[in-house]
Every structure is written in C-alpha cells, then in structure tokens.
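Read through the structure below, which is laid out as structure tokens, and then see the notes.
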Amino acid sequence: ATEQGVREQAEQYLQSVQHADNVLHVCNDVLERSGSPLAEFHAARIMCTACLEKWDAVDAAARSQLREYLFRYGVSRANALTLPVRNKVLQAHAILWKRGWLEMTQADADEFLGRVEQSLSSSADNATSVTLVQTLTSLVQEFSSAKSSSVGLTLEWHRKSAEAFQARGLQRIMRIALAYISTLLKSFDHGASIVPVLVPALALLVETLSWEFLRSGQAGSDYMTKQRRASMSSASTATTNERADEETAPVVPVAAFRDLFLFSELKTVMLHVYTAVRFHSEELRTLATQSLLLLASVRGDEVFHNHAERVQYLSACLIPVLQSAVVPPNGAILSEEEAGDAIAVCRILSQLVASFGTVILVQVPNVIEAL
C-alpha cells in the first residue's frame, strides 16, 4: 500500500473506534507507537472528543489522568511533534481543563499552573519552553472562546466557566507570562538567541491582556458581544500584522486585577520589551506594540479609584514612550525599521490620548518638556 493509503486506513480505523468503549486506550496506543503525524493528530482529536462524550461516565481520576497524559505527551515530545499535532494535543488538553473547571478548586488550578511555572523556570530547551508557553496560551484561548461546539454545552455554561477561569486562573497566567518575559529580557540584553521563545511569550501576554473581563451576574446573552463574535470569526485566519492593524478594544479589568495593572512591574517590563525589540524584528515589534496598545486602553473605576491614579498611570506609560521616539535630523529619510517604529509610537500615543483625554494629559508632570 502507498503511504497515502496507509494514512487513509489509519484515519478510517480511528474514526471507526471513536465510539467504542476502548477508544481512549486505542488512541493512547496510536500516540505512543504510530509515528505518523496524521494518525497522531486524529488520535489526539478523537481522544478529546470521546472523553467529552463519555464525561459523565468517566470518573474524576480518569479525567485527571487524561489531562495529565496529554500535557506530559506534548511537553516530553516537544522536539519531535509536528506543529499541527502539538497544537491539537494542546487544544485537547485545554478543552478538557475547561470542561472540568467548574468542578475544580483553586488548589487544583494552582497546582497545575505552579508546575508549568516551575517547568518554565528550569527549562533549558527552546522547544520545551515554547510548548509550555503555548499550553497556557491554549488555555486562555479556550476559555475566552464562546464557541459552544467545543464541548457541546450552553452559552451560559461557557460564561460561567470563563468567569471562574478569570477568578481562579487568568491572573496567575498573566503573572507567569510577565515574570518569564522579564527573565528572557535579561538574556536578550546580553545577545542570547531567545527570540523563538520570546515571540510566543509575548503572544501569551497579548492574549491575556485582550481578555474581555466579565462581571458577576452578567447575563449569558451579554457574553456574546460584538467584539467576541468578531474575534471568534477572524482569529483563526488573521495574521499577527492584520491583528495589529485592528482597532484596540477597551480593557476594563475587574477589581481583583487592580494591583496587577496599577502597582506591578507590568508597564515597566513591557516598555523595556519594546525598547529592546523595536528594531530587532517586525514580529517582535508588532507583539510589543500590541501589548502597549492594550495597556494604553485600560480604563474603569474598578482599577482607577481617583483622578490622581489616572494621571499617574498615564505618566508611567506616556513619558517613556515619548522619550523613546526617534527624531531624525532635518531632511533625513527614515529607514523601514525606523518608519515602522515611528508608526507604532504614534499609535500608542494616540491610544493613550483617546483613553485618558486631554484634560488628564496636560496634568502629567513634564509632559510639555517630553513633547
């Protein structure tokens, strides 16, 4: 038989056992022994689907074992799996976490996220680090998606799951991403080649900053906002640059995230990131710009308790951005990189003014001198 014929037979076999009682065992064998990326892809997909279909019949220990298996499989084979297989494994892992999230405790979430954080801090292999980061990205993406087809449950269930994830997981992931990026920057400043890891780490932070915060008691019908519908329909096809050109939606955190946005090193680290990567590559600059645009879009009384806090926040973002602007000599022509940087700086400044207004802008200390 031809290679194509073997692949088709493998796919047909997996499809035929999808509803069998021993489907999880069969998929496990395929993942461990087949060596065929196509078979591995379908095995991961069917394993997840079968577990969701049999959810009520599978005990909590078996569900936990399956999540753990998919996580360890993805991480341990980070250098061997093709990108589509790795993505499917991580997606399946994230879906199973989401399906069981409402039944889990804070301790369950902390234990898993703590292991990912510890693994990241000790990993010396880029492929493993990227897989760990993308494990967290898949989690955030799955919880922020309102596609009920993922697990076959109601929109109200998705809203409750997203709200529970916001309360018990999102902030921890944001802090993990921030700490990891800060660590990577130290190596970046010394010329180390950490770009393959820094790109997904920045993408993770952008994903968390893009979270559409939910309020307790929010109606299920309000969960499917225009913004969320648009992100669902375009996320799978938009490139990094296309997403960067989209209008930045307001970021309106709930009160539990106030300290992270106001008093952590979030703004400082991301400004440092932008300064470090702005002329390194377009992809890095785009991701750093997206993060600063999102930080420039923060608003809401749950974060800012008074006028002075708004002025302080705007100052912490505005002055470093103004000071970073490259002003060419009279008559000089900007290079492509400098032009891209100038556009990014203008977009960030415009977003800050749009979010905070000129009344607050003129009260920022030293703003006239910086201009």
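Following the order of the structure tokens, first chain is A, next is B, and so on, with residues numbered from 1 inside each chain and ligands from 1 in the order they appear.
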
- Message: So that I can check the surroundings of Leu52 of chain A, please list as JSON, numbers by chain every protein, DNA and RNA residue that reaches within 9 Å of it, counting only C-alpha atoms and ignoring chain neighbours fewer than 2 positions away.
- Response: {"A": [47, 48, 49, 50, 54, 55, 56, 95, 96, 99, 151, 152]}

For Thr82 of chain A, work out the shell of residues within 12 Å, counting only C-alpha atoms and skipping chain neighbours fewer than 5 positions away, then give it as an mmCIF file with all heavy atoms, in the first residue's frame.
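The result, written out as selection_7.cif:
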data_model
loop_
_atom_site.group_PDB
_atom_site.id
_atom_site.type_symbol
_atom_site.label_atom_id
_atom_site.label_comp_id
_atom_site.auth_asym_id
_atom_site.auth_seq_id
_atom_site.Cartn_x
_atom_site.Cartn_y
_atom_site.Cartn_z
ATOM 1 N N GLY A 35 3.946 6.879 15.077
ATOM 2 C CA GLY A 35 4.990 7.607 14.364
ATOM 3 C C GLY A 35 4.471 8.375 13.165
ATOM 4 O O GLY A 35 5.235 9.021 12.450
ATOM 5 N N SER A 36 3.159 8.342 12.929
ATOM 6 C CA SER A 36 2.550 9.060 11.814
ATOM 7 C C SER A 36 1.913 10.344 12.334
ATOM 8 O O SER A 36 0.993 10.290 13.162
ATOM 9 C CB SER A 36 1.480 8.204 11.138
ATOM 10 O OG SER A 36 0.657 9.003 10.308
ATOM 11 N N PRO A 37 2.362 11.508 11.885
ATOM 12 C CA PRO A 37 1.769 12.770 12.349
ATOM 13 C C PRO A 37 0.263 12.841 12.119
ATOM 14 O O PRO A 37 -0.471 13.336 12.981
ATOM 15 C CB PRO A 37 2.514 13.833 11.530
ATOM 16 C CG PRO A 37 3.832 13.209 11.216
ATOM 17 C CD PRO A 37 3.528 11.760 11.007
ATOM 18 N N LEU A 38 -0.201 12.334 10.975
ATOM 19 C CA LEU A 38 -1.630 12.381 10.693
ATOM 20 C C LEU A 38 -2.414 11.517 11.677
ATOM 21 O O LEU A 38 -3.457 11.934 12.204
ATOM 22 C CB LEU A 38 -1.898 11.911 9.262
ATOM 23 C CG LEU A 38 -3.353 12.032 8.795
ATOM 24 C CD1 LEU A 38 -3.798 13.486 8.802
ATOM 25 C CD2 LEU A 38 -3.514 11.429 7.398
ATOM 26 N N ALA A 39 -1.891 10.323 11.947
ATOM 27 C CA ALA A 39 -2.556 9.439 12.907
ATOM 28 C C ALA A 39 -2.533 10.048 14.308
ATOM 29 O O ALA A 39 -3.516 9.971 15.050
ATOM 30 C CB ALA A 39 -1.870 8.069 12.912
ATOM 31 N N GLU A 40 -1.406 10.662 14.682
ATOM 32 C CA GLU A 40 -1.296 11.306 15.999
ATOM 33 C C GLU A 40 -2.291 12.458 16.126
ATOM 34 O O GLU A 40 -2.919 12.637 17.174
ATOM 35 C CB GLU A 40 0.131 11.812 16.205
ATOM 36 C CG GLU A 40 1.157 10.693 16.355
ATOM 37 C CD GLU A 40 2.586 11.200 16.249
ATOM 38 O OE1 GLU A 40 2.784 12.370 15.842
ATOM 39 O OE2 GLU A 40 3.509 10.431 16.557
ATOM 40 N N PHE A 41 -2.421 13.234 15.063
ATOM 41 C CA PHE A 41 -3.363 14.356 15.054
ATOM 42 C C PHE A 41 -4.784 13.856 15.322
ATOM 43 O O PHE A 41 -5.493 14.373 16.196
ATOM 44 C CB PHE A 41 -3.290 15.068 13.704
ATOM 45 C CG PHE A 41 -4.234 16.226 13.561
ATOM 46 C CD1 PHE A 41 -3.835 17.503 13.909
ATOM 47 C CD2 PHE A 41 -5.523 16.035 13.064
ATOM 48 C CE1 PHE A 41 -4.706 18.582 13.775
ATOM 49 C CE2 PHE A 41 -6.402 17.101 12.928
ATOM 50 C CZ PHE A 41 -5.991 18.385 13.281
ATOM 51 N N GLY A 74 2.696 16.238 25.233
ATOM 52 C CA GLY A 74 3.076 17.411 24.465
ATOM 53 C C GLY A 74 4.434 17.962 24.864
ATOM 54 O O GLY A 74 5.255 18.311 24.010
ATOM 55 N N ARG A 77 7.562 15.465 24.183
ATOM 56 C CA ARG A 77 7.868 15.273 22.763
ATOM 57 C C ARG A 77 7.916 16.605 22.012
ATOM 58 O O ARG A 77 7.656 16.667 20.818
ATOM 59 C CB ARG A 77 6.835 14.341 22.127
ATOM 60 C CG ARG A 77 6.741 13.002 22.841
ATOM 61 C CD ARG A 77 5.974 11.987 22.040
ATOM 62 N NE ARG A 77 5.877 10.725 22.773
ATOM 63 C CZ ARG A 77 5.691 9.553 22.203
ATOM 64 N NH1 ARG A 77 5.587 9.470 20.884
ATOM 65 N NH2 ARG A 77 5.602 8.448 22.916
ATOM 66 N N ASN A 87 -0.249 21.411 18.329
ATOM 67 C CA ASN A 87 -1.374 22.317 18.553
ATOM 68 C C ASN A 87 -2.645 21.564 18.904
ATOM 69 O O ASN A 87 -3.426 21.993 19.764
ATOM 70 C CB ASN A 87 -1.607 23.182 17.312
ATOM 71 C CG ASN A 87 -0.516 24.219 17.103
ATOM 72 O OD1 ASN A 87 0.267 24.493 18.014
ATOM 73 N ND2 ASN A 87 -0.453 24.788 15.918
ATOM 74 N N LYS A 88 -2.869 20.428 18.239
ATOM 75 C CA LYS A 88 -4.065 19.644 18.518
ATOM 76 C C LYS A 88 -4.012 19.030 19.913
ATOM 77 O O LYS A 88 -5.012 18.995 20.628
ATOM 78 C CB LYS A 88 -4.241 18.556 17.452
ATOM 79 C CG LYS A 88 -5.460 17.659 17.650
ATOM 80 C CD LYS A 88 -6.756 18.451 17.772
ATOM 81 C CE LYS A 88 -7.101 19.208 16.508
ATOM 82 N NZ LYS A 88 -8.432 19.889 16.624
ATOM 83 N N VAL A 89 -2.837 18.537 20.306
ATOM 84 C CA VAL A 89 -2.670 17.980 21.654
ATOM 85 C C VAL A 89 -2.929 19.050 22.710
ATOM 86 O O VAL A 89 -3.643 18.818 23.698
ATOM 87 C CB VAL A 89 -1.259 17.381 21.823
ATOM 88 C CG1 VAL A 89 -0.976 17.044 23.283
ATOM 89 C CG2 VAL A 89 -1.110 16.124 20.967
ATOM 90 N N ALA A 127 12.344 24.356 22.532
ATOM 91 C CA ALA A 127 11.112 23.689 22.094
ATOM 92 C C ALA A 127 10.214 23.364 23.286
ATOM 93 O O ALA A 127 8.990 23.527 23.219
ATOM 94 C CB ALA A 127 11.450 22.418 21.316
ATOM 95 N N THR A 131 6.502 25.007 24.104
ATOM 96 C CA THR A 131 5.338 24.160 24.343
ATOM 97 C C THR A 131 4.667 24.513 25.669
ATOM 98 O O THR A 131 3.432 24.558 25.755
ATOM 99 C CB THR A 131 5.744 22.675 24.348
ATOM 100 O OG1 THR A 131 6.321 22.344 23.081
ATOM 101 C CG2 THR A 131 4.548 21.772 24.595
#

- Task: Using DSSP on the backbone coordinates, identify all residues within segment 164-366 of chain A classified as alpha helix (DSSP H); present the result as a PyMOL selection string.
- Result: chain A and resi 164-165+171-189+195-209+220-223+226-234+240-244+258-263+266-277+282-295+307-324+336-361

- Item | Atom pair atom CA of Val195 of chain A / atom CA of Leu90 of chain A: separation (Å) |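 Rounded to one decimal, the two atoms are 21.5 Å apart.
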
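For the choices A:Arg215, A:His272, A:His93, A:Arg33, the atom-to-atom distance to Arg45 of chain A is smallest for A:His93 when using only C-alpha atoms.
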
- Item | Shell of 12 Å around Ser138 of chain A, only C-alpha atoms, local chain residues under 5 positions omitted, as a PyMOL selection string | chain A and resi 71+86-98+130-133+143-145+173+200+203-204+207-208

Keeping only N, CA, C and O atoms, write the selected residues to a file as a compact mmCIF listing (two decimals), in the first residue's frame.
# COMPACT_ATOMS: atom_id res chain seq x y z
N PHE A 71 -0.77 16.59 28.64
CA PHE A 71 0.23 17.61 28.99
C PHE A 71 1.64 17.03 28.90
O PHE A 71 2.53 17.61 28.26
N ARG A 86 1.18 19.07 17.71
CA ARG A 86 1.37 19.73 19.00
C ARG A 86 0.19 20.64 19.32
O ARG A 86 -0.33 20.65 20.44
N ASN A 87 -0.25 21.41 18.33
CA ASN A 87 -1.37 22.32 18.55
C ASN A 87 -2.64 21.56 18.90
O ASN A 87 -3.43 21.99 19.76
N LYS A 88 -2.87 20.43 18.24
CA LYS A 88 -4.07 19.64 18.52
C LYS A 88 -4.01 19.03 19.91
O LYS A 88 -5.01 18.99 20.63
N VAL A 89 -2.84 18.54 20.31
CA VAL A 89 -2.67 17.98 21.65
C VAL A 89 -2.93 19.05 22.71
O VAL A 89 -3.64 18.82 23.70
N LEU A 90 -2.37 20.24 22.52
CA LEU A 90 -2.54 21.32 23.49
C LEU A 90 -3.98 21.81 23.52
O LEU A 90 -4.51 22.15 24.57
N GLN A 91 -4.62 21.84 22.35
CA GLN A 91 -6.02 22.23 22.31
C GLN A 91 -6.90 21.22 23.05
O GLN A 91 -7.79 21.59 23.82
N ALA A 92 -6.64 19.93 22.81
CA ALA A 92 -7.40 18.89 23.50
C ALA A 92 -7.21 18.99 25.01
O ALA A 92 -8.16 18.87 25.79
N HIS A 93 -5.97 19.23 25.43
CA HIS A 93 -5.66 19.39 26.85
C HIS A 93 -6.43 20.57 27.43
O HIS A 93 -7.03 20.48 28.51
N ALA A 94 -6.45 21.71 26.70
CA ALA A 94 -7.15 22.90 27.18
C ALA A 94 -8.65 22.68 27.27
O ALA A 94 -9.31 23.11 28.22
N ILE A 95 -9.21 22.00 26.27
CA ILE A 95 -10.65 21.73 26.27
C ILE A 95 -11.05 20.89 27.48
O ILE A 95 -12.07 21.14 28.13
N LEU A 96 -10.24 19.90 27.81
CA LEU A 96 -10.56 19.04 28.95
C LEU A 96 -10.44 19.82 30.27
O LEU A 96 -11.20 19.57 31.21
N TRP A 97 -9.48 20.73 30.34
CA TRP A 97 -9.40 21.59 31.52
C TRP A 97 -10.66 22.45 31.63
O TRP A 97 -11.23 22.60 32.71
N LYS A 98 -11.07 23.02 30.51
CA LYS A 98 -12.27 23.87 30.54
C LYS A 98 -13.50 23.06 30.93
O LYS A 98 -14.32 23.52 31.74
N VAL A 130 8.72 26.66 24.58
CA VAL A 130 7.65 27.12 23.70
C VAL A 130 6.38 26.31 23.94
O VAL A 130 5.27 26.87 24.01
N THR A 131 6.50 25.01 24.10
CA THR A 131 5.34 24.16 24.34
C THR A 131 4.67 24.51 25.67
O THR A 131 3.43 24.56 25.75
N LEU A 132 5.45 24.79 26.69
CA LEU A 132 4.89 25.18 27.98
C LEU A 132 4.13 26.50 27.87
O LEU A 132 3.03 26.64 28.40
N VAL A 133 4.72 27.45 27.18
CA VAL A 133 4.06 28.75 26.99
C VAL A 133 2.77 28.57 26.20
O VAL A 133 1.72 29.13 26.55
N PHE A 143 -10.79 29.28 27.06
CA PHE A 143 -11.74 29.87 27.99
C PHE A 143 -12.34 31.16 27.46
O PHE A 143 -13.46 31.53 27.83
N SER A 144 -11.63 31.86 26.60
CA SER A 144 -12.16 33.11 26.08
C SER A 144 -13.06 32.88 24.87
O SER A 144 -13.71 33.80 24.40
N SER A 145 -13.11 31.67 24.37
CA SER A 145 -13.95 31.36 23.21
C SER A 145 -15.37 31.03 23.66
O SER A 145 -15.58 30.30 24.62
N ILE A 173 -1.77 33.27 35.30
CA ILE A 173 -1.13 33.10 34.00
C ILE A 173 -0.49 34.42 33.54
O ILE A 173 0.62 34.43 32.99
N PRO A 200 6.41 33.60 21.37
CA PRO A 200 5.20 33.03 21.96
C PRO A 200 4.90 33.57 23.37
O PRO A 200 3.74 33.63 23.77
N ALA A 203 3.15 36.71 22.78
CA ALA A 203 1.81 36.37 22.26
C ALA A 203 0.89 35.95 23.41
O ALA A 203 -0.31 36.27 23.41
N LEU A 204 1.42 35.22 24.38
CA LEU A 204 0.63 34.82 25.55
C LEU A 204 0.18 36.04 26.34
O LEU A 204 -0.98 36.15 26.73
N GLU A 207 -2.51 37.83 24.58
CA GLU A 207 -3.76 37.07 24.69
C GLU A 207 -4.45 37.34 26.03
O GLU A 207 -5.68 37.52 26.10
N THR A 208 -3.68 37.39 27.11
CA THR A 208 -4.27 37.65 28.42
C THR A 208 -4.75 39.10 28.55
O THR A 208 -5.80 39.36 29.14

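Between atom CA of Leu293 of chain A and atom CA of Ser121 of chain A lies a distance of 27.9 Å.
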
- Using only C-alpha atoms, pick whichever of A:Ile348, A:Ala342, A:Leu153, A:Ala177 has the shortest atom-to-atom distance to Leu314 of chain A. A:Ile348

- Go ahead and compute the interatomic distance for atom CA of Ser315 of chain A and atom CA of Val364 of chain A, in Å to one decimal.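 Between these atoms lies a distance of 5.5 Å.
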
- Task: Within 9 Å of Leu292 of chain A, counting only C-alpha atoms, which residues show up once you throw out same-chain ones fewer than 3 positions away? Write them as a PyMOL selection string, please.
- Result: chain A and resi 267+270-271+274+287-289+295-297+317+348

Those residues with all heavy atoms, as a compact mmCIF listing (two decimals), in the first residue's frame please?
# COMPACT_ATOMS: atom_id res chain seq x y z
N LYS A 267 3.76 47.50 33.38
CA LYS A 267 4.04 48.59 32.43
C LYS A 267 5.54 48.73 32.20
O LYS A 267 6.00 48.89 31.06
CB LYS A 267 3.46 49.89 32.97
CG LYS A 267 1.95 49.88 33.12
CD LYS A 267 1.42 51.21 33.56
CE LYS A 267 1.86 51.58 34.96
NZ LYS A 267 1.35 50.68 36.01
N MET A 270 6.97 45.87 29.96
CA MET A 270 6.57 45.93 28.56
C MET A 270 7.18 47.12 27.84
O MET A 270 7.47 47.05 26.64
CB MET A 270 5.04 45.95 28.45
CG MET A 270 4.38 44.65 28.91
SD MET A 270 5.26 43.16 28.36
CE MET A 270 5.21 43.35 26.58
N LEU A 271 7.40 48.22 28.54
CA LEU A 271 8.12 49.34 27.93
C LEU A 271 9.57 48.95 27.66
O LEU A 271 10.14 49.32 26.64
CB LEU A 271 8.04 50.57 28.85
CG LEU A 271 6.67 51.26 28.88
CD1 LEU A 271 6.55 52.17 30.10
CD2 LEU A 271 6.43 52.05 27.60
N TYR A 274 9.61 46.74 24.58
CA TYR A 274 9.51 47.50 23.33
C TYR A 274 10.86 48.14 22.97
O TYR A 274 11.31 48.08 21.83
CB TYR A 274 8.43 48.58 23.41
CG TYR A 274 8.24 49.26 22.08
CD1 TYR A 274 7.42 48.68 21.11
CD2 TYR A 274 8.92 50.42 21.76
CE1 TYR A 274 7.27 49.26 19.87
CE2 TYR A 274 8.78 51.01 20.52
CZ TYR A 274 7.96 50.43 19.58
OH TYR A 274 7.83 50.99 18.34
N LEU A 287 4.20 42.52 18.33
CA LEU A 287 3.67 41.97 19.58
C LEU A 287 3.87 42.94 20.75
O LEU A 287 2.96 43.12 21.58
CB LEU A 287 4.34 40.64 19.89
CG LEU A 287 3.91 39.47 19.00
CD1 LEU A 287 4.86 38.29 19.17
CD2 LEU A 287 2.48 39.04 19.31
N ALA A 288 5.04 43.58 20.81
CA ALA A 288 5.29 44.56 21.87
C ALA A 288 4.36 45.75 21.72
O ALA A 288 3.84 46.28 22.72
CB ALA A 288 6.75 45.01 21.82
N THR A 289 4.11 46.18 20.48
CA THR A 289 3.19 47.29 20.24
C THR A 289 1.77 46.92 20.66
O THR A 289 1.06 47.72 21.29
CB THR A 289 3.19 47.68 18.74
OG1 THR A 289 4.52 48.07 18.37
CG2 THR A 289 2.24 48.83 18.48
N LEU A 295 -2.34 48.08 27.07
CA LEU A 295 -2.12 48.79 28.34
C LEU A 295 -2.59 50.24 28.24
O LEU A 295 -3.05 50.82 29.23
CB LEU A 295 -0.64 48.74 28.72
CG LEU A 295 -0.12 47.37 29.16
CD1 LEU A 295 1.38 47.41 29.42
CD2 LEU A 295 -0.85 46.88 30.41
N ALA A 296 -2.47 50.83 27.06
CA ALA A 296 -2.94 52.19 26.85
C ALA A 296 -4.46 52.28 26.82
O ALA A 296 -5.02 53.38 26.87
CB ALA A 296 -2.37 52.75 25.54
N SER A 297 -5.13 51.13 26.72
CA SER A 297 -6.59 51.09 26.62
C SER A 297 -7.26 50.77 27.95
O SER A 297 -8.49 50.62 28.00
CB SER A 297 -7.01 50.04 25.57
OG SER A 297 -6.39 50.29 24.34
N CYS A 317 3.13 55.49 31.43
CA CYS A 317 3.14 54.98 30.06
C CYS A 317 3.62 56.03 29.06
O CYS A 317 4.40 55.74 28.15
CB CYS A 317 1.74 54.53 29.65
SG CYS A 317 1.10 53.11 30.56
N ILE A 348 0.49 54.22 19.80
CA ILE A 348 0.43 54.11 21.27
C ILE A 348 0.03 55.44 21.87
O ILE A 348 -0.83 55.52 22.76
CB ILE A 348 1.78 53.62 21.82
CG1 ILE A 348 2.07 52.20 21.32
CG2 ILE A 348 1.76 53.66 23.35
CD1 ILE A 348 3.51 51.76 21.54
